[in-house]
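Below you'll find the structure, written out as structure tokens, and then a few comments.
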Amino acid sequence: MSKQAKPRSRKDDDEFLETHGEALSPSTRRAKWISSPDEGEDHPGQTLATRSREVIEHWAKERGAKPATTPGGNTEQPRVLRFDFPGYDDRLEEVSWEAWYRAFDERDLVFLYQEHLKSGQQSNFFRFDSPHRETG
């Protein structure tokens with residue numbers, strides 16, 4: 001796992017939701033929040049949410065994905081955060097976990113994801129939410 005001063009806990013998630021909850025999307029507010037790789041979905045297709053580095057890295061590594069940004073982006077200060085999945089998009093540029101998390105943390109992002117599709121197959125679905133996103 002990449003460097004992190006202190007792993008995020010359930011209490012940290014609760015405080016984040018109390019502070020920013022109204023500014024997050026309805027799907028983020030409905031998602032099951034995960035704070036440890038030991039936790040998981042209640043059923044296939046469930047939307048999960050986390051701000052935990054340990055959870056994000058565990059999810060990515062299970063899929064062979066590496067932190068990345070768009071082509072021509074700044075790999076030290078990525079503007080667009082992506083994951084490079086094997087055999088998916090060879091144009092993405094790999095970035096360090098530290099650079100990826102720096103951008104993630106600076107933007108107060110939430111990582112929304114699925115472990116499995118409703119069919120039970122492993123899912124690569126993810127997206128981000130931010131309490132600071134522009135609306136309308």
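Letters for chains follow the order of the structure tokens (A, B, ...), residue numbers begin at 1 for each chain, and ligand numbers begin at 1 in the order shown.
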
Discussion item. Can you tell me which residues surround region 98-109 of chain A at a distance of at most 6 Å, considering only C-alpha atoms, apart from same-chain residues fewer than 3 positions away, and format the answer as a PyMOL selection string?
Written reply: chain A and resi 76+129-130

Selection to disk with C-alpha atoms, as a short mmCIF file (atom, residue, chain, number, x, y, z; two decimals), in the first residue's frame:
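Contents of part.cif, as written:
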data_model
loop_
_atom_site.label_atom_id
_atom_site.label_comp_id
_atom_site.auth_asym_id
_atom_site.auth_seq_id
_atom_site.Cartn_x
_atom_site.Cartn_y
_atom_site.Cartn_z
CA GLU A 76 3.21 14.30 -11.10
CA ASP A 129 -17.87 11.92 -6.68
CA SER A 130 -16.90 15.21 -5.11
#

Practice prompt. With a distance cut-off of 12 Å and only C-alpha atoms, select the neighbouring residues of Gly21 (chain A), excluding the residue or stretch itself and same-chain residues fewer than 4 positions from it, and output the selection as a count of residues only.
Written response: 18

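Excluding Asp84 (chain A) and any residue on its chain fewer than 3 positions from it, the residues at most 12 Å away by only C-alpha atoms are Ala60, Lys61, Arg63, Gly64, Ala65, Lys66, Pro67, Ala68, Thr69, Thr70, Pro71, Leu81, Gly87, Tyr88, Asp89, Asp90, Arg91, Leu92, Glu93, Glu94, Val95 and Asn124 of chain A.
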
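Our summary of the geometry notes that CA of Trp59 (chain A) is positioned 25.6 Å from CA of Ala23 (chain A).
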
Worksheet entry | Two-atom distance - CA of Arg127 (chain A), CA of His58 (chain A) (Å) | 16.0 Å

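The environment of Gln114 (chain A) within 6 Å, counting only C-alpha atoms and disregarding residues fewer than 2 places along the same chain, consists of Thr47, Leu48, His116, Ser123 and Phe125 of chain A.
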
Discussion item. Residues of chain A classed as strand (DSSP E or B) by DSSP on the backbone are to be reported as an NGL selection string.
Written reply: :A and (32-33 or 48-50 or 66-69 or 82-84 or 93-94 or 110-113 or 116 or 122 or 126-129)

Could those selected residues go to a file with N, CA and C atoms, as a PDB file, in the first residue's frame?
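Contents of the output file out.pdb:
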ATOM      1  N   LYS A  32     -23.098   1.661  -0.072  1.00  0.00           N
ATOM      2  CA  LYS A  32     -22.549   1.047   1.144  1.00  0.00           C
ATOM      3  C   LYS A  32     -21.113   1.539   1.270  1.00  0.00           C
ATOM      4  N   TRP A  33     -20.805   2.189   2.388  1.00  0.00           N
ATOM      5  CA  TRP A  33     -19.460   2.719   2.604  1.00  0.00           C
ATOM      6  C   TRP A  33     -18.564   1.623   3.166  1.00  0.00           C
ATOM      7  N   LEU A  48     -20.672   0.579  -4.040  1.00  0.00           N
ATOM      8  CA  LEU A  48     -19.870   0.753  -2.834  1.00  0.00           C
ATOM      9  C   LEU A  48     -19.155   2.098  -2.913  1.00  0.00           C
ATOM     10  N   ALA A  49     -18.823   2.664  -1.766  1.00  0.00           N
ATOM     11  CA  ALA A  49     -18.112   3.935  -1.713  1.00  0.00           C
ATOM     12  C   ALA A  49     -17.000   3.838  -0.695  1.00  0.00           C
ATOM     13  N   THR A  50     -15.875   4.507  -0.985  1.00  0.00           N
ATOM     14  CA  THR A  50     -14.774   4.526  -0.037  1.00  0.00           C
ATOM     15  C   THR A  50     -13.900   5.746  -0.277  1.00  0.00           C
ATOM     16  N   LYS A  66      -3.586  -0.308 -12.728  1.00  0.00           N
ATOM     17  CA  LYS A  66      -2.578   0.610 -12.194  1.00  0.00           C
ATOM     18  C   LYS A  66      -3.100   2.035 -12.273  1.00  0.00           C
ATOM     19  N   PRO A  67      -2.701   2.883 -11.306  1.00  0.00           N
ATOM     20  CA  PRO A  67      -3.150   4.274 -11.351  1.00  0.00           C
ATOM     21  C   PRO A  67      -2.626   4.943 -12.611  1.00  0.00           C
ATOM     22  N   ALA A  68      -3.477   5.782 -13.222  1.00  0.00           N
ATOM     23  CA  ALA A  68      -3.119   6.379 -14.509  1.00  0.00           C
ATOM     24  C   ALA A  68      -3.814   7.725 -14.684  1.00  0.00           C
ATOM     25  N   THR A  69      -3.405   8.405 -15.746  1.00  0.00           N
ATOM     26  CA  THR A  69      -4.054   9.637 -16.167  1.00  0.00           C
ATOM     27  C   THR A  69      -4.177   9.611 -17.680  1.00  0.00           C
ATOM     28  N   ARG A  82      -7.548   7.979 -13.585  1.00  0.00           N
ATOM     29  CA  ARG A  82      -8.060   6.788 -14.252  1.00  0.00           C
ATOM     30  C   ARG A  82      -7.351   5.570 -13.656  1.00  0.00           C
ATOM     31  N   PHE A  83      -7.776   4.393 -14.113  1.00  0.00           N
ATOM     32  CA  PHE A  83      -7.054   3.159 -13.863  1.00  0.00           C
ATOM     33  C   PHE A  83      -6.769   2.525 -15.202  1.00  0.00           C
ATOM     34  N   ASP A  84      -5.570   2.007 -15.339  1.00  0.00           N
ATOM     35  CA  ASP A  84      -5.166   1.309 -16.550  1.00  0.00           C
ATOM     36  C   ASP A  84      -5.349  -0.185 -16.295  1.00  0.00           C
ATOM     37  N   GLU A  93      -1.503   7.009 -19.317  1.00  0.00           N
ATOM     38  CA  GLU A  93      -0.150   7.138 -18.777  1.00  0.00           C
ATOM     39  C   GLU A  93      -0.167   6.768 -17.303  1.00  0.00           C
ATOM     40  N   GLU A  94       0.704   5.834 -16.930  1.00  0.00           N
ATOM     41  CA  GLU A  94       0.785   5.396 -15.545  1.00  0.00           C
ATOM     42  C   GLU A  94       1.311   6.526 -14.670  1.00  0.00           C
ATOM     43  N   VAL A 110     -14.580  10.872  -3.557  1.00  0.00           N
ATOM     44  CA  VAL A 110     -15.103   9.599  -3.071  1.00  0.00           C
ATOM     45  C   VAL A 110     -14.984   8.630  -4.243  1.00  0.00           C
ATOM     46  N   PHE A 111     -14.497   7.437  -3.979  1.00  0.00           N
ATOM     47  CA  PHE A 111     -14.359   6.392  -4.987  1.00  0.00           C
ATOM     48  C   PHE A 111     -15.607   5.514  -4.926  1.00  0.00           C
ATOM     49  N   LEU A 112     -16.408   5.552  -5.980  1.00  0.00           N
ATOM     50  CA  LEU A 112     -17.588   4.695  -6.101  1.00  0.00           C
ATOM     51  C   LEU A 112     -17.225   3.529  -7.004  1.00  0.00           C
ATOM     52  N   TYR A 113     -17.619   2.330  -6.628  1.00  0.00           N
ATOM     53  CA  TYR A 113     -17.206   1.155  -7.393  1.00  0.00           C
ATOM     54  C   TYR A 113     -18.141  -0.016  -7.159  1.00  0.00           C
ATOM     55  N   HIS A 116     -18.697  -6.718  -8.126  1.00  0.00           N
ATOM     56  CA  HIS A 116     -19.243  -7.650  -9.121  1.00  0.00           C
ATOM     57  C   HIS A 116     -20.439  -7.028  -9.819  1.00  0.00           C
ATOM     58  N   GLN A 122     -16.841 -10.346 -12.137  1.00  0.00           N
ATOM     59  CA  GLN A 122     -16.057  -9.252 -11.569  1.00  0.00           C
ATOM     60  C   GLN A 122     -16.320  -7.966 -12.362  1.00  0.00           C
ATOM     61  N   PHE A 126     -16.068   1.935 -11.917  1.00  0.00           N
ATOM     62  CA  PHE A 126     -15.757   2.905 -10.876  1.00  0.00           C
ATOM     63  C   PHE A 126     -16.043   4.299 -11.416  1.00  0.00           C
ATOM     64  N   ARG A 127     -16.264   5.197 -10.508  1.00  0.00           N
ATOM     65  CA  ARG A 127     -16.347   6.616 -10.833  1.00  0.00           C
ATOM     66  C   ARG A 127     -16.055   7.387  -9.557  1.00  0.00           C
ATOM     67  N   PHE A 128     -15.948   8.690  -9.706  1.00  0.00           N
ATOM     68  CA  PHE A 128     -15.641   9.538  -8.559  1.00  0.00           C
ATOM     69  C   PHE A 128     -16.807  10.480  -8.295  1.00  0.00           C
ATOM     70  N   ASP A 129     -16.926  10.868  -7.051  1.00  0.00           N
ATOM     71  CA  ASP A 129     -17.867  11.919  -6.678  1.00  0.00           C
ATOM     72  C   ASP A 129     -17.086  12.920  -5.847  1.00  0.00           C
TER      73      ASP A 129
END

Practice prompt. Go ahead and compute the interatomic distance for CA of His20 (chain A) and CA of Arg51 (chain A), in Å to one decimal.
Written response: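 Rounded to one decimal, the two atoms are 13.0 Å apart.
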
Fill in: Residues near Arg8 (chain A), cut-off 9 Å, only C-alpha atoms, skip fewer than 5 positions along chain, as a ChimeraX atom specification
/A:13,35-36,51-54

Preceding selection exported with N, CA and C atoms as a PDB file, in the first residue's frame:
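Contents of the output file out.pdb:
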ATOM      1  N   ASP A  13     -15.112   8.376   7.778  1.00  0.00           N
ATOM      2  CA  ASP A  13     -16.156   8.376   6.753  1.00  0.00           C
ATOM      3  C   ASP A  13     -17.421   9.059   7.270  1.00  0.00           C
ATOM      4  N   SER A  35     -14.643   0.703   4.586  1.00  0.00           N
ATOM      5  CA  SER A  35     -13.431   1.321   5.140  1.00  0.00           C
ATOM      6  C   SER A  35     -12.276   0.332   5.280  1.00  0.00           C
ATOM      7  N   SER A  36     -12.508  -0.933   4.903  1.00  0.00           N
ATOM      8  CA  SER A  36     -11.462  -1.954   5.002  1.00  0.00           C
ATOM      9  C   SER A  36     -11.643  -2.977   3.883  1.00  0.00           C
ATOM     10  N   ARG A  51     -13.160   6.092   0.760  1.00  0.00           N
ATOM     11  CA  ARG A  51     -12.082   7.077   0.657  1.00  0.00           C
ATOM     12  C   ARG A  51     -10.790   6.436   1.171  1.00  0.00           C
ATOM     13  N   SER A  52     -10.844   5.135   1.440  1.00  0.00           N
ATOM     14  CA  SER A  52      -9.717   4.386   1.990  1.00  0.00           C
ATOM     15  C   SER A  52      -8.712   3.993   0.907  1.00  0.00           C
ATOM     16  N   ARG A  53      -7.476   4.367   1.099  1.00  0.00           N
ATOM     17  CA  ARG A  53      -6.416   3.991   0.157  1.00  0.00           C
ATOM     18  C   ARG A  53      -6.251   2.485   0.101  1.00  0.00           C
ATOM     19  N   GLU A  54      -6.335   1.854   1.243  1.00  0.00           N
ATOM     20  CA  GLU A  54      -6.164   0.405   1.310  1.00  0.00           C
ATOM     21  C   GLU A  54      -7.239  -0.308   0.484  1.00  0.00           C
TER      22      GLU A  54
END
